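*Asks:* If it helps, the file is called final_28.pdb and holds PDB, C-alpha atoms:
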```pdb
ATOM      1  CA  MET Z   1       0.000   0.000   0.000  1.00  0.00           C
ATOM      2  CA  LYS Z   2       1.138   3.501  -0.748  1.00  0.00           C
ATOM      3  CA  LEU Z   3      -0.027   6.406   1.413  1.00  0.00           C
ATOM      4  CA  ALA Z   4      -0.076   9.847  -0.240  1.00  0.00           C
ATOM      5  CA  ARG Z   5      -1.843  13.189  -0.259  1.00  0.00           C
ATOM      6  CA  CYS Z   6      -3.873  14.515  -3.167  1.00  0.00           C
ATOM      7  CA  ASP Z   7      -6.654  16.868  -4.094  1.00  0.00           C
ATOM      8  CA  SER Z   8      -9.733  14.866  -4.980  1.00  0.00           C
ATOM      9  CA  THR Z   9     -13.086  16.368  -5.796  1.00  0.00           C
ATOM     10  CA  ILE Z  10     -16.547  15.212  -6.727  1.00  0.00           C
ATOM     11  CA  MET Z  11     -16.885  17.032 -10.055  1.00  0.00           C
ATOM     12  CA  ARG Z  12     -20.419  16.057 -11.028  1.00  0.00           C
ATOM     13  CA  LYS Z  13     -23.201  13.851  -9.740  1.00  0.00           C
ATOM     14  CA  GLY Z  14     -26.725  12.953 -10.707  1.00  0.00           C
ATOM     15  CA  LYS Z  15     -29.405  10.337 -11.279  1.00  0.00           C
ATOM     16  CA  LEU Z  16     -30.217   8.187 -14.295  1.00  0.00           C
ATOM     17  CA  LYS Z  17     -33.203   6.111 -15.299  1.00  0.00           C
ATOM     18  CA  ALA Z  18     -32.523   2.560 -16.481  1.00  0.00           C
ATOM     19  CA  ASP Z  19     -33.222   3.502 -20.116  1.00  0.00           C
ATOM     20  CA  GLU Z  20     -30.568   6.278 -19.933  1.00  0.00           C
ATOM     21  CA  LEU Z  21     -27.780   4.140 -18.458  1.00  0.00           C
ATOM     22  CA  ILE Z  22     -26.185   2.622 -21.581  1.00  0.00           C
ATOM     23  CA  ASN Z  23     -26.119   5.963 -23.435  1.00  0.00           C
ATOM     24  CA  PHE Z  24     -24.527   7.630 -20.408  1.00  0.00           C
ATOM     25  CA  ILE Z  25     -21.818   4.946 -20.227  1.00  0.00           C
ATOM     26  CA  ASN Z  26     -21.110   5.324 -23.961  1.00  0.00           C
ATOM     27  CA  LEU Z  27     -20.447   9.069 -23.503  1.00  0.00           C
ATOM     28  CA  ASN Z  28     -17.538   8.479 -21.099  1.00  0.00           C
ATOM     29  CA  ASN Z  29     -14.353   6.853 -22.421  1.00  0.00           C
ATOM     30  CA  GLY Z  30     -12.189   4.794 -20.054  1.00  0.00           C
ATOM     31  CA  GLN Z  31     -11.693   1.418 -18.449  1.00  0.00           C
ATOM     32  CA  LEU Z  32     -14.976  -0.266 -17.552  1.00  0.00           C
ATOM     33  CA  TYR Z  33     -15.890  -2.407 -14.550  1.00  0.00           C
ATOM     34  CA  VAL Z  34     -19.490  -3.671 -14.453  1.00  0.00           C
ATOM     35  CA  VAL Z  35     -21.158  -5.773 -11.747  1.00  0.00           C
ATOM     36  CA  THR Z  36     -24.343  -7.526 -12.860  1.00  0.00           C
ATOM     37  CA  ASP Z  37     -26.646 -10.036 -11.198  1.00  0.00           C
ATOM     38  CA  TYR Z  38     -24.855 -12.807 -13.095  1.00  0.00           C
ATOM     39  CA  GLY Z  39     -21.197 -11.751 -13.316  1.00  0.00           C
ATOM     40  CA  VAL Z  40     -18.487  -9.103 -13.443  1.00  0.00           C
ATOM     41  CA  PHE Z  41     -17.256  -7.619 -16.729  1.00  0.00           C
ATOM     42  CA  LEU Z  42     -13.888  -5.910 -17.227  1.00  0.00           C
ATOM     43  CA  SER Z  43     -13.970  -3.909 -20.392  1.00  0.00           C
ATOM     44  CA  ILE Z  44     -13.374  -0.547 -22.035  1.00  0.00           C
ATOM     45  CA  VAL Z  45     -15.415   2.304 -23.510  1.00  0.00           C
ATOM     46  CA  GLU Z  46     -13.896   3.844 -26.669  1.00  0.00           C
ATOM     47  CA  SER Z  47     -15.378   6.186 -29.247  1.00  0.00           C
ATOM     48  CA  LYS Z  48     -18.840   6.080 -27.643  1.00  0.00           C
ATOM     49  CA  ASN Z  49     -18.864   2.274 -27.749  1.00  0.00           C
ATOM     50  CA  ILE Z  50     -18.809  -0.302 -24.947  1.00  0.00           C
ATOM     51  CA  LYS Z  51     -16.430  -3.070 -25.987  1.00  0.00           C
ATOM     52  CA  LEU Z  52     -17.147  -6.378 -24.260  1.00  0.00           C
ATOM     53  CA  TYR Z  53     -15.369  -9.652 -24.937  1.00  0.00           C
ATOM     54  CA  ASP Z  54     -17.544 -11.967 -27.084  1.00  0.00           C
ATOM     55  CA  ASP Z  55     -19.555  -8.854 -28.106  1.00  0.00           C
ATOM     56  CA  GLU Z  56     -22.047  -9.349 -25.270  1.00  0.00           C
ATOM     57  CA  LYS Z  57     -24.592  -6.604 -24.650  1.00  0.00           C
ATOM     58  CA  LEU Z  58     -25.261  -5.105 -21.223  1.00  0.00           C
ATOM     59  CA  ASN Z  59     -28.862  -5.160 -20.007  1.00  0.00           C
ATOM     60  CA  PRO Z  60     -29.568  -2.335 -17.483  1.00  0.00           C
ATOM     61  CA  ASP Z  61     -32.152  -4.551 -15.731  1.00  0.00           C
ATOM     62  CA  PHE Z  62     -29.316  -6.699 -14.357  1.00  0.00           C
ATOM     63  CA  ILE Z  63     -26.649  -4.034 -13.687  1.00  0.00           C
ATOM     64  CA  GLN Z  64     -25.855  -3.270 -10.049  1.00  0.00           C
ATOM     65  CA  GLU Z  65     -22.716  -1.116 -10.361  1.00  0.00           C
ATOM     66  CA  VAL Z  66     -20.612   0.479 -13.092  1.00  0.00           C
ATOM     67  CA  ARG Z  67     -17.209   2.128 -12.814  1.00  0.00           C
ATOM     68  CA  ILE Z  68     -15.617   4.019 -15.711  1.00  0.00           C
ATOM     69  CA  PHE Z  69     -12.080   4.945 -14.746  1.00  0.00           C
ATOM     70  CA  ASN Z  70      -8.561   6.016 -15.642  1.00  0.00           C
ATOM     71  CA  LYS Z  71      -5.540   7.204 -13.632  1.00  0.00           C
ATOM     72  CA  ASP Z  72      -7.086  10.627 -12.982  1.00  0.00           C
ATOM     73  CA  MET Z  73     -10.817  10.034 -12.512  1.00  0.00           C
ATOM     74  CA  GLU Z  74     -13.702   7.642 -12.013  1.00  0.00           C
ATOM     75  CA  ILE Z  75     -17.419   7.744 -12.668  1.00  0.00           C
ATOM     76  CA  LYS Z  76     -19.208   5.390 -10.292  1.00  0.00           C
ATOM     77  CA  ILE Z  77     -22.812   4.422 -11.041  1.00  0.00           C
ATOM     78  CA  THR Z  78     -24.847   2.468  -8.477  1.00  0.00           C
ATOM     79  CA  ARG Z  79     -28.371   1.010  -8.661  1.00  0.00           C
ATOM     80  CA  MET Z  80     -30.634   2.486  -5.999  1.00  0.00           C
ATOM     81  CA  ASP Z  81     -34.403   2.062  -5.748  1.00  0.00           C
ATOM     82  CA  GLY Z  82     -34.974   1.200  -9.407  1.00  0.00           C
ATOM     83  CA  GLU Z  83     -32.783   3.960 -10.845  1.00  0.00           C
ATOM     84  CA  PHE Z  84     -29.082   4.803 -10.832  1.00  0.00           C
ATOM     85  CA  VAL Z  85     -27.120   7.420  -8.906  1.00  0.00           C
ATOM     86  CA  TRP Z  86     -23.707   8.478 -10.147  1.00  0.00           C
ATOM     87  CA  ARG Z  87     -20.759  10.639  -9.206  1.00  0.00           C
ATOM     88  CA  GLU Z  88     -17.540  11.648 -10.944  1.00  0.00           C
ATOM     89  CA  ARG Z  89     -14.409  11.910  -8.768  1.00  0.00           C
ATOM     90  CA  LYS Z  90     -11.280  13.560 -10.162  1.00  0.00           C
ATOM     91  CA  ASP Z  91      -7.804  13.543  -8.602  1.00  0.00           C
ATOM     92  CA  THR Z  92      -4.957  15.993  -8.845  1.00  0.00           C
ATOM     93  CA  ASP Z  93      -1.635  14.857  -7.410  1.00  0.00           C
ATOM     94  CA  ASN Z  94      -0.549  17.315  -4.773  1.00  0.00           C
ATOM     95  CA  LYS Z  95       1.816  16.386  -1.945  1.00  0.00           C
ATOM     96  CA  LYS Z  96       0.102  18.995   0.248  1.00  0.00           C
ATOM     97  CA  GLY Z  97      -3.385  18.039  -0.912  1.00  0.00           C
ATOM     98  CA  GLU Z  98      -6.532  18.102   1.161  1.00  0.00           C
ATOM     99  CA  ILE Z  99      -7.124  14.356   1.394  1.00  0.00           C
ATOM    100  CA  THR Z 100      -5.103  11.281   2.310  1.00  0.00           C
ATOM    101  CA  ARG Z 101      -5.286   8.315  -0.037  1.00  0.00           C
ATOM    102  CA  ILE Z 102      -4.078   4.749   0.035  1.00  0.00           C
ATOM    103  CA  ASP Z 103      -3.529   2.769  -3.159  1.00  0.00           C
ATOM    104  CA  GLU Z 104      -4.078  -0.959  -2.712  1.00  0.00           C
ATOM    105  CA  THR Z 105      -3.523  -3.601  -5.349  1.00  0.00           C
ATOM    106  CA  TYR Z 106      -5.636  -6.686  -5.839  1.00  0.00           C
ATOM    107  CA  LEU Z 107      -4.319  -9.639  -7.793  1.00  0.00           C
ATOM    108  CA  LEU Z 108      -6.781 -10.920 -10.387  1.00  0.00           C
ATOM    109  CA  TRP Z 109      -7.241 -14.685 -10.547  1.00  0.00           C
ATOM    110  CA  GLY Z 110      -5.067 -16.545 -13.016  1.00  0.00           C
ATOM    111  CA  LYS Z 111      -2.301 -15.857 -15.511  1.00  0.00           C
ATOM    112  CA  VAL Z 112      -2.436 -14.747 -19.130  1.00  0.00           C
ATOM    113  CA  LYS Z 113      -2.840 -17.933 -21.152  1.00  0.00           C
ATOM    114  CA  HIS Z 114      -4.438 -16.669 -24.345  1.00  0.00           C
ATOM    115  CA  LEU Z 115      -4.431 -13.491 -26.461  1.00  0.00           C
ATOM    116  CA  ASP Z 116      -7.447 -12.826 -28.656  1.00  0.00           C
ATOM    117  CA  ARG Z 117      -8.318  -9.717 -30.743  1.00  0.00           C
ATOM    118  CA  GLY Z 118      -6.666  -7.240 -28.336  1.00  0.00           C
ATOM    119  CA  TRP Z 119      -7.785  -9.085 -25.208  1.00  0.00           C
ATOM    120  CA  SER Z 120      -5.756 -11.023 -22.651  1.00  0.00           C
ATOM    121  CA  ILE Z 121      -7.517 -14.013 -21.143  1.00  0.00           C
ATOM    122  CA  LEU Z 122      -6.457 -14.887 -17.604  1.00  0.00           C
ATOM    123  CA  THR Z 123      -7.169 -18.485 -16.660  1.00  0.00           C
ATOM    124  CA  GLU Z 124      -6.729 -20.397 -13.451  1.00  0.00           C
ATOM    125  CA  GLN Z 125      -6.499 -24.127 -12.744  1.00  0.00           C
ATOM    126  CA  ARG Z 126      -9.955 -24.216 -11.167  1.00  0.00           C
ATOM    127  CA  GLY Z 127     -11.436 -23.039 -14.455  1.00  0.00           C
ATOM    128  CA  SER Z 128     -12.037 -19.333 -13.918  1.00  0.00           C
ATOM    129  CA  ARG Z 129     -11.538 -17.004 -16.901  1.00  0.00           C
ATOM    130  CA  ILE Z 130     -11.141 -13.238 -16.884  1.00  0.00           C
ATOM    131  CA  ALA Z 131     -11.008 -11.259 -20.130  1.00  0.00           C
ATOM    132  CA  LEU Z 132      -9.089  -7.959 -20.005  1.00  0.00           C
ATOM    133  CA  PRO Z 133      -9.126  -5.422 -22.845  1.00  0.00           C
ATOM    134  CA  HIS Z 134      -5.321  -5.113 -22.830  1.00  0.00           C
ATOM    135  CA  LEU Z 135      -2.485  -7.144 -24.270  1.00  0.00           C
ATOM    136  CA  TYR Z 136      -0.137  -8.661 -21.722  1.00  0.00           C
ATOM    137  CA  GLU Z 137       2.524 -11.313 -22.177  1.00  0.00           C
ATOM    138  CA  GLN Z 138       1.909 -15.008 -21.679  1.00  0.00           C
ATOM    139  CA  GLU Z 139       2.049 -16.160 -18.026  1.00  0.00           C
ATOM    140  CA  GLN Z 140       1.868 -12.608 -16.652  1.00  0.00           C
ATOM    141  CA  LYS Z 141      -0.314 -11.878 -13.652  1.00  0.00           C
ATOM    142  CA  VAL Z 142      -2.391  -8.700 -13.519  1.00  0.00           C
ATOM    143  CA  GLU Z 143      -3.451  -6.541 -10.594  1.00  0.00           C
ATOM    144  CA  LEU Z 144      -6.136  -3.905 -10.184  1.00  0.00           C
ATOM    145  CA  VAL Z 145      -5.217  -0.691  -8.349  1.00  0.00           C
ATOM    146  CA  PHE Z 146      -7.917   0.456  -5.950  1.00  0.00           C
ATOM    147  CA  ARG Z 147      -7.667   3.903  -4.303  1.00  0.00           C
ATOM    148  CA  LYS Z 148      -9.251   4.600  -0.912  1.00  0.00           C
ATOM    149  CA  TYR Z 149      -9.717   8.111   0.455  1.00  0.00           C
ATOM    150  CA  ILE Z 150      -9.186   8.284   4.206  1.00  0.00           C
ATOM    151  CA  ALA Z 151     -10.498  10.726   6.825  1.00  0.00           C
ATOM    152  CA  PHE Z 152      -8.778  10.812  10.206  1.00  0.00           C
ATOM    153  CA  GLN Z 153     -10.321  11.722  13.524  1.00  0.00           C
ATOM    154  CA  ASP Z 154      -8.206  12.653  16.542  1.00  0.00           C
ATOM    155  CA  TRP Z 155     -10.588  11.342  19.187  1.00  0.00           C
ATOM    156  CA  ASP Z 156     -13.507   8.937  18.860  1.00  0.00           C
ATOM    157  CA  LEU Z 157     -15.858   9.908  21.693  1.00  0.00           C
ATOM    158  CA  ALA Z 158     -18.305   7.083  20.998  1.00  0.00           C
ATOM    159  CA  ASN Z 159     -15.671   4.384  21.489  1.00  0.00           C
ATOM    160  CA  GLU Z 160     -13.397   6.435  23.739  1.00  0.00           C
ATOM    161  CA  GLN Z 161     -10.445   5.693  21.527  1.00  0.00           C
ATOM    162  CA  PRO Z 162      -7.625   8.147  20.906  1.00  0.00           C
ATOM    163  CA  PHE Z 163      -7.498   7.688  17.121  1.00  0.00           C
ATOM    164  CA  THR Z 164      -9.747   6.448  14.315  1.00  0.00           C
ATOM    165  CA  TYR Z 165     -10.027   6.729  10.575  1.00  0.00           C
ATOM    166  CA  HIS Z 166     -12.587   5.722   7.993  1.00  0.00           C
ATOM    167  CA  VAL Z 167     -12.810   5.374   4.237  1.00  0.00           C
ATOM    168  CA  VAL Z 168     -14.864   8.261   2.834  1.00  0.00           C
ATOM    169  CA  ASP Z 169     -14.797   7.082  -0.780  1.00  0.00           C
ATOM    170  CA  ASP Z 170     -12.940   4.746  -3.125  1.00  0.00           C
ATOM    171  CA  ARG Z 171     -12.281   4.338  -6.807  1.00  0.00           C
ATOM    172  CA  LEU Z 172     -10.579   2.137  -9.357  1.00  0.00           C
ATOM    173  CA  VAL Z 173      -7.388   3.545 -10.883  1.00  0.00           C
ATOM    174  CA  GLU Z 174      -5.804   1.133 -13.382  1.00  0.00           C
ATOM    175  CA  TYR Z 175      -4.670  -2.369 -14.304  1.00  0.00           C
ATOM    176  CA  GLN Z 176      -0.972  -3.182 -13.878  1.00  0.00           C
ATOM    177  CA  ILE Z 177       1.341  -6.118 -14.251  1.00  0.00           C
ATOM    178  CA  TRP Z 178       1.521  -7.849 -10.866  1.00  0.00           C
ATOM    179  CA  LYS Z 179       4.641  -6.880  -8.988  1.00  0.00           C
ATOM    180  CA  GLU Z 180       5.778 -10.118  -7.371  1.00  0.00           C
ATOM    181  CA  GLU Z 181       6.685  -9.672  -3.761  1.00  0.00           C
ATOM    182  CA  LYS Z 182      10.068 -10.999  -2.768  1.00  0.00           C
ATOM    183  CA  PRO Z 183       9.758 -13.956  -0.416  1.00  0.00           C
ATOM    184  CA  ASP Z 184      11.082 -13.348   3.076  1.00  0.00           C
ATOM    185  CA  GLU Z 185      14.571 -14.656   3.506  1.00  0.00           C
ATOM    186  CA  GLN Z 186      14.263 -17.715   5.636  1.00  0.00           C
ATOM    187  CA  GLN Z 187      16.787 -18.166   8.373  1.00  0.00           C
ATOM    188  CA  THR Z 188      18.023 -21.671   8.848  1.00  0.00           C
ATOM    189  CA  THR Z 189      19.269 -22.995  12.127  1.00  0.00           C
ATOM    190  CA  LYS Z 190      21.942 -25.599  12.290  1.00  0.00           C
TER     191      LYS Z 190
END
```
Here is a file; write its structure as structure tokens.

*Replies:*
Amino acid sequence: MKLARCDSTIMRKGKLKADELINFINLNNGQLYVVTDYGVFLSIVESKNIKLYDDEKLNPDFIQEVRIFNKDMEIKITRMDGEFVWRERKDTDNKKGEITRIDETYLLWGKVKHLDRGWSILTEQRGSRIALPHLYEQEQKVELVFRKYIAFQDWDLANEQPFTYHVVDDRLVEYQIWKEEKPDEQQTTK
């Protein structure tokens, strides 16, 4: 994890009806993360077009969450009471910024085993498959960078604790090649 300061602002926010969702997504280029009732899709939006592996089509009736993101911003769309609420968060790197952030990385299941039409297919022995709209090399592992914005509190009166913090928001940042951690040097005793 990497702790840093930045300026991060909610630029826009609003509500969408289900029949407006797909058009709204198409208007915002970037990486795409979609959670549906039946699966998770990792994709991309380019030139006002959602590009899904196997040319699947998204049905708003089954979408629970959408994130359109790049290194500098994210639009997060969430289903709520039959419609969708959304917000756009934009970051500006600033070592003296107003908010503290932590970047965490999450390893995606599997390794690149197949390249197909600009997509890398990660597969795992148990049979899982993840299609990413990027070309990586065979056998590479891929991670997803997740940014959490942290608020600190000097004294928590409710719990009578001297220090607490909480996550005020989060966003996806980018895909990266997994940076293998070096194994701890094991000490041997004779």

*Asks:* Given only C-alpha atoms as the basis, pick out the residue of Z:Trp178, Z:Phe41, Z:Trp155, Z:Phe69 nearest to Asp54 in chain Z.

*Replies:*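 Looking only at the distances to Asp54 in chain Z, the closest residue turns out to be Z:Phe41.
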
*Asks:* Quote the spacing between CA of Gln125 in chain Z and CA of Trp109 in chain Z in Å to one decimal place.

*Replies:*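 Computing it gives 9.7 Å between the two atoms.
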
*Asks:* In Å, with one decimal, what is the gap from CA of Gln138 in chain Z to CA of Ser120 in chain Z?

*Replies:*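 Result for CA of Gln138 in chain Z versus CA of Ser120 in chain Z: 8.7 Å, one decimal.
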
*Asks:* Ranking Z:Glu98, Z:Asp91, Z:Asp81, Z:Asp61 by minimum distance to Arg171 in chain Z and counting only C-alpha atoms, which one comes first?

*Replies:*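 Counting only C-alpha atoms, the residue closest to Arg171 in chain Z is Z:Asp91.
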
*Asks:* Nearest to Lys148 in chain Z: which of Z:Ile99, Z:Ala131, Z:Leu16, Z:Val112 is it, counting all atoms listed in the file?

*Replies:*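 Looking only at the distances to Lys148 in chain Z, the closest residue turns out to be Z:Ile99.
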
*Asks:* Pick from Z:Phe152, Z:Lys179, Z:Leu58, Z:Gly39: nearest to Ile130 in chain Z, with all atoms listed in the file counted?

*Replies:*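 Smallest distance to Ile130 in chain Z is found for Z:Gly39.
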
*Asks:* Near range 157-168 of chain Z, counting all atoms listed in the file, which residues have an atom at most 12 Å away, once you skip same-chain residues fewer than 3 positions from it, shown as a PyMOL selection string?

*Replies:* chain Z and resi 8-10+99-102+147-154+171
